Amino acid sequence: MSLPEKKNCLKLREFTLSLFSLTLFLIFFCTQINPVYGAVNGAAIEEENENRIIIGFFSDHDLSDATVRFEEPHENVSLVFTLSSGKETLKSETFHLVSVKKDQEISKVFFWELEEDFGKDRDSYTAQLFVKEGNQILETQKTSFSYRNPHLSNLKVVDFSADSEKASFLIDLVSSANLRLVQMPEPGIVDFDLKLLSGKDIIYSESLKNVPVTDAYYKTINWPLLLEKDRSYTALLKVHSHSPELTTAYMSEFWAEEKVEILDSDINVDEYGASVTVTGRSQAPFNGIVRVVLTPEEGDVRVFEETADILTAGKEDTVGIIWQGVPRGDYNVKIDVVNLDGEILDSHETVLRVFEPVAELNPPEETPALSSQAATGILLCVAVFLGRKKRGKKD
């Protein structure tokens, strides 16, 4: 090989080596810059989400539920809910918030109150929320849905109910089945959002996030606030499935009423008196009496009453009553818990045999010695009765 040919070969080798080195450098540089680019994008998205006012918006055929949070104070603020189908606006409602403070969070629920059969022939609806300051729109968001609520694919809300004491719900897994194969139900991750409304006002809310449902899941949530007797309330449960991303809503309406229960296992009736334990079953406070009626086989019916404590859900009161002037004999005993309106909220029946009558509290004045003995006897009866009551509580 001649010398010029050798030089050309060396130059070609150097060029190839340089090109390979440059290619490696570019690959390394690109792998380093991609994560930085992704981080910048992620930061931008996160910053955008932080600046959002509407942080939650849900709607179906029955209601619309929205949560907004203001990063800065504003004046003359209003929330406008609209429902439309095609180009036709069906409903519109405005909530005037007036002024809002920095970092203030507000939730509102609006019921569309459409006729039951209205719009079944329509393909879809669009609900939209406007956050306004005066006439200026600060932010808006909309969602579309059909007449029928969507169904969770692998989960089923078996029951949701609410009363004056609590709200409870049962959710279960759903098996997918066909003619050839029955698959085991797949577990799911669910968020629960419970709200209690009085009219249009949300008076209580509670959320459960990332709840694993691997089998039937039952939950009871007691109301931690007092309710007004004879007032209507609405409990709203939103269930959000993570996979697929789907939210459904369920409602339960009830009237708040006084509810108490006589604990059958904590009743003591003997010849000296009665001890009755009553527990509250409602957040509408109970105010009333415990009445004990003794009905003999022959003779006059005797009625004894004692005022009970004011009771709410989970609270108990033990009421003691001492017989006075009850003759020897057998009696049918009826125990009633009665509110101030005269309504009997709970009852219990039993029988009683009196061997020795308890002396009258006020015996005749002409026998002072007998009066002293009677008073002593009554005090002894009270002591024995209270001793039995305390022993019963310890047991």
# chains A, B, ... in the order shown; residues from 1 in each chain; ligands from 1
>>> select_by_dssp(residues="range 127-324 of chain A", states="strand (DSSP E or B)", output="ChimeraX atom specification")
/A:127-133,136-145,155-162,166-173,177,182,188-198,201-213,217-222,232-241,246-255,260-269,273-280,286,288-296,302-307,311,313,316-322
>>> residues_around(residues="range 239-252 of chain A", least_positions_apart="6", cutoff="6 Å", atoms="only C-alpha atoms", output="ChimeraX atom specification")
/A:161-162,189-192
>>> residues_around(residues="range 337-352 of chain A", least_positions_apart="2", cutoff="8 Å", atoms="only C-alpha atoms", output="compact mmCIF listing (two decimals) with N, CA and C atoms, in the first residue's frame")
# COMPACT_ATOMS: atom_id res chain seq x y z
N GLU A 258 -87.62 12.14 67.74
CA GLU A 258 -87.09 11.59 68.99
C GLU A 258 -87.17 10.06 68.95
N LYS A 259 -86.08 9.42 69.36
CA LYS A 259 -86.06 7.96 69.43
C LYS A 259 -85.29 7.54 70.68
N VAL A 260 -85.93 6.70 71.48
CA VAL A 260 -85.27 6.11 72.65
C VAL A 260 -85.62 4.64 72.71
N GLU A 261 -84.82 3.91 73.44
CA GLU A 261 -85.03 2.47 73.56
C GLU A 261 -84.85 2.05 75.01
N ILE A 262 -85.78 1.25 75.51
CA ILE A 262 -85.63 0.65 76.84
C ILE A 262 -84.72 -0.56 76.72
N ASP A 264 -83.89 -3.87 77.59
CA ASP A 264 -84.58 -4.98 78.26
C ASP A 264 -83.68 -5.72 79.23
N VAL A 269 -87.53 -5.02 88.28
CA VAL A 269 -88.82 -4.74 88.90
C VAL A 269 -89.03 -5.74 90.02
N ASP A 270 -89.23 -5.26 91.25
CA ASP A 270 -89.50 -6.15 92.39
C ASP A 270 -90.51 -5.48 93.31
N GLU A 271 -90.68 -6.03 94.50
CA GLU A 271 -91.72 -5.52 95.39
C GLU A 271 -91.41 -4.16 95.96
N PHE A 286 -84.30 13.68 73.13
CA PHE A 286 -85.52 13.21 73.79
C PHE A 286 -85.69 13.96 75.10
N ASN A 287 -86.92 14.41 75.35
CA ASN A 287 -87.27 15.06 76.60
C ASN A 287 -88.61 14.49 77.04
N GLY A 288 -88.64 13.78 78.19
CA GLY A 288 -89.89 13.17 78.61
C GLY A 288 -89.76 12.42 79.92
N ILE A 289 -90.63 11.42 80.11
CA ILE A 289 -90.72 10.71 81.38
C ILE A 289 -90.71 9.20 81.15
N VAL A 290 -90.47 8.49 82.23
CA VAL A 290 -90.66 7.04 82.28
C VAL A 290 -91.89 6.79 83.14
N ARG A 291 -92.84 6.09 82.56
CA ARG A 291 -94.10 5.81 83.27
C ARG A 291 -94.23 4.32 83.51
N ASP A 330 -100.62 -9.78 92.81
CA ASP A 330 -99.93 -9.95 91.53
C ASP A 330 -100.35 -8.82 90.59
N TYR A 331 -99.37 -8.34 89.83
CA TYR A 331 -99.60 -7.19 88.95
C TYR A 331 -99.00 -7.43 87.57
N ASN A 332 -99.69 -6.93 86.56
CA ASN A 332 -99.09 -6.76 85.24
C ASN A 332 -98.41 -5.39 85.22
N VAL A 333 -97.19 -5.37 84.76
CA VAL A 333 -96.40 -4.14 84.78
C VAL A 333 -96.13 -3.70 83.34
N LYS A 334 -96.46 -2.45 83.04
CA LYS A 334 -96.15 -1.88 81.74
C LYS A 334 -95.29 -0.64 81.94
N ILE A 335 -94.15 -0.62 81.25
CA ILE A 335 -93.22 0.51 81.33
C ILE A 335 -93.24 1.24 79.99
N VAL A 354 -96.15 -8.77 94.74
CA VAL A 354 -95.80 -8.02 95.95
C VAL A 354 -96.21 -8.86 97.16
>>> atom_distance(atom1="CA of Thr89 in chain A", atom2="CA of Gly56 in chain A")
22.4 Å
>>> closest_residue(among="A:Thr279, A:Ser164, A:Asn268, A:Asn210", to="Leu227 in chain A", atoms="only C-alpha atoms")
A:Ser164
>>> residues_around(residues="Trp223 in chain A", least_positions_apart="5", cutoff="8 Å", atoms="only C-alpha atoms", output="PyMOL selection string")
chain A and resi 164-167+283
>>> closest_atom_pairs(of="range 180-242 of chain A", to="range 303-323 of chain A", cutoff="12 Å", atoms="only C-alpha atoms", output="tab-separated table")
residue	atom	partner	partner_atom	distance
A:Asn222	CA	A:Ala313	CA	8.5
A:Trp223	CA	A:Ala313	CA	8.8
A:Pro224	CA	A:Ala313	CA	9.3
A:Leu225	CA	A:Thr312	CA	9.9
A:Leu226	CA	A:Thr312	CA	8.2
A:Leu227	CA	A:Thr312	CA	9.8
A:Glu228	CA	A:Thr312	CA	11.8
A:Lys229	CA	A:Thr312	CA	11.9
>>> write_last_selection(atoms="N, CA and C atoms", output="mmCIF file, in the first residue's frame")
data_model
loop_
_atom_site.group_PDB
_atom_site.id
_atom_site.type_symbol
_atom_site.label_atom_id
_atom_site.label_comp_id
_atom_site.auth_asym_id
_atom_site.auth_seq_id
_atom_site.Cartn_x
_atom_site.Cartn_y
_atom_site.Cartn_z
ATOM 1 N N ASN A 222 -72.207 8.018 62.511
ATOM 2 C CA ASN A 222 -73.162 8.679 63.400
ATOM 3 C C ASN A 222 -73.064 10.193 63.235
ATOM 4 N N TRP A 223 -74.211 10.843 63.280
ATOM 5 C CA TRP A 223 -74.212 12.309 63.197
ATOM 6 C C TRP A 223 -73.643 12.891 64.484
ATOM 7 N N PRO A 224 -72.650 13.765 64.403
ATOM 8 C CA PRO A 224 -72.057 14.332 65.619
ATOM 9 C C PRO A 224 -72.680 15.668 66.028
ATOM 10 N N LEU A 225 -73.819 16.010 65.463
ATOM 11 C CA LEU A 225 -74.454 17.279 65.762
ATOM 12 C C LEU A 225 -75.932 17.060 66.052
ATOM 13 N N LEU A 226 -76.535 18.012 66.755
ATOM 14 C CA LEU A 226 -77.946 17.902 67.110
ATOM 15 C C LEU A 226 -78.827 18.208 65.899
ATOM 16 N N LEU A 227 -79.933 17.492 65.813
ATOM 17 C CA LEU A 227 -80.909 17.715 64.758
ATOM 18 C C LEU A 227 -82.192 18.279 65.358
ATOM 19 N N GLU A 228 -82.930 18.974 64.521
ATOM 20 C CA GLU A 228 -84.174 19.599 64.972
ATOM 21 C C GLU A 228 -85.343 18.657 64.727
ATOM 22 N N LYS A 229 -86.109 18.412 65.781
ATOM 23 C CA LYS A 229 -87.248 17.504 65.669
ATOM 24 C C LYS A 229 -88.235 17.995 64.607
#
>>> closest_atom_pairs(of="range 122-232 of chain A", to="range 95-108 of chain A", cutoff="12 Å", atoms="only C-alpha atoms", output="tab-separated table")
residue	atom	partner	partner_atom	distance
A:Leu129	CA	A:Lys108	CA	11.0
A:Phe130	CA	A:Phe95	CA	10.5
A:Val131	CA	A:Phe95	CA	9.9
A:Lys132	CA	A:His96	CA	9.5
A:Glu133	CA	A:Val98	CA	9.0
A:Gly134	CA	A:Val98	CA	9.5
A:Lys195	CA	A:Ser107	CA	10.1
A:Leu196	CA	A:Lys108	CA	11.5
A:Leu197	CA	A:Lys108	CA	9.9
A:Ser198	CA	A:Lys108	CA	11.9
A:Gly199	CA	A:Lys108	CA	11.3
A:Lys200	CA	A:Lys108	CA	7.7
A:Asp201	CA	A:Lys108	CA	7.5
A:Ile202	CA	A:Lys108	CA	7.1
A:Ile203	CA	A:Ser107	CA	10.5
A:Tyr204	CA	A:Ser107	CA	10.8
A:Ser205	CA	A:Ser107	CA	9.8
>>> atom_distance(atom1="CA of Gly86 in chain A", atom2="CA of Tyr125 in chain A")
7.4 Å
>>> closest_residue(among="A:Ser124, A:Ser207, A:Phe169, A:Val174", to="Thr220 in chain A", atoms="only C-alpha atoms")
A:Phe169
>>> atom_distance(atom1="CA of Val80 in chain A", atom2="CA of Phe145 in chain A")
18.6 Å
>>> residues_around(residues="range 155-157 of chain A", least_positions_apart="4", cutoff="7 Å", atoms="only C-alpha atoms", output="JSON, numbers by chain")
{"A": [170, 171, 172, 173, 174]}
>>> write_last_selection(atoms="all heavy atoms", output="PDB file, in the first residue's frame")
ATOM      1  N   LEU A 170     -73.817  -0.126  52.466  1.00  0.00           N
ATOM      2  CA  LEU A 170     -73.227  -1.439  52.201  1.00  0.00           C
ATOM      3  C   LEU A 170     -72.843  -1.489  50.732  1.00  0.00           C
ATOM      4  O   LEU A 170     -73.673  -1.247  49.863  1.00  0.00           O
ATOM      5  CB  LEU A 170     -74.216  -2.557  52.539  1.00  0.00           C
ATOM      6  CG  LEU A 170     -73.788  -3.978  52.162  1.00  0.00           C
ATOM      7  CD1 LEU A 170     -72.555  -4.405  52.951  1.00  0.00           C
ATOM      8  CD2 LEU A 170     -74.938  -4.974  52.416  1.00  0.00           C
ATOM      9  N   ILE A 171     -71.573  -1.809  50.467  1.00  0.00           N
ATOM     10  CA  ILE A 171     -71.081  -1.928  49.102  1.00  0.00           C
ATOM     11  C   ILE A 171     -70.442  -3.296  48.938  1.00  0.00           C
ATOM     12  O   ILE A 171     -69.767  -3.786  49.850  1.00  0.00           O
ATOM     13  CB  ILE A 171     -70.086  -0.793  48.769  1.00  0.00           C
ATOM     14  CG1 ILE A 171     -69.681  -0.840  47.292  1.00  0.00           C
ATOM     15  CG2 ILE A 171     -68.864  -0.834  49.665  1.00  0.00           C
ATOM     16  CD1 ILE A 171     -68.924   0.401  46.841  1.00  0.00           C
ATOM     17  N   ASP A 172     -70.690  -3.931  47.796  1.00  0.00           N
ATOM     18  CA  ASP A 172     -70.215  -5.293  47.581  1.00  0.00           C
ATOM     19  C   ASP A 172     -69.572  -5.397  46.202  1.00  0.00           C
ATOM     20  O   ASP A 172     -69.803  -4.559  45.314  1.00  0.00           O
ATOM     21  CB  ASP A 172     -71.377  -6.283  47.694  1.00  0.00           C
ATOM     22  CG  ASP A 172     -70.895  -7.697  47.999  1.00  0.00           C
ATOM     23  OD1 ASP A 172     -69.674  -7.910  48.085  1.00  0.00           O
ATOM     24  OD2 ASP A 172     -71.757  -8.590  48.144  1.00  0.00           O
ATOM     25  N   LEU A 173     -68.765  -6.433  46.024  1.00  0.00           N
ATOM     26  CA  LEU A 173     -68.131  -6.699  44.746  1.00  0.00           C
ATOM     27  C   LEU A 173     -69.115  -7.384  43.802  1.00  0.00           C
ATOM     28  O   LEU A 173     -70.014  -8.109  44.240  1.00  0.00           O
ATOM     29  CB  LEU A 173     -66.893  -7.579  44.931  1.00  0.00           C
ATOM     30  CG  LEU A 173     -65.787  -7.010  45.835  1.00  0.00           C
ATOM     31  CD1 LEU A 173     -64.677  -8.030  45.989  1.00  0.00           C
ATOM     32  CD2 LEU A 173     -65.234  -5.719  45.250  1.00  0.00           C
ATOM     33  N   VAL A 174     -68.925  -7.169  42.524  1.00  0.00           N
ATOM     34  CA  VAL A 174     -69.792  -7.739  41.501  1.00  0.00           C
ATOM     35  C   VAL A 174     -68.968  -8.694  40.646  1.00  0.00           C
ATOM     36  O   VAL A 174     -67.885  -8.343  40.168  1.00  0.00           O
ATOM     37  CB  VAL A 174     -70.415  -6.650  40.619  1.00  0.00           C
ATOM     38  CG1 VAL A 174     -71.267  -7.267  39.521  1.00  0.00           C
ATOM     39  CG2 VAL A 174     -71.250  -5.706  41.462  1.00  0.00           C
TER      40      VAL A 174
END
>>> closest_residue(among="A:Leu114, A:Ala235, A:Ile55, A:Ile137", to="Ser78 in chain A", atoms="only C-alpha atoms")
A:Ile137
>>> closest_residue(among="A:Asn154, A:Glu72, A:Leu236, A:Val211", to="Phe110 in chain A", atoms="only C-alpha atoms")
A:Leu236
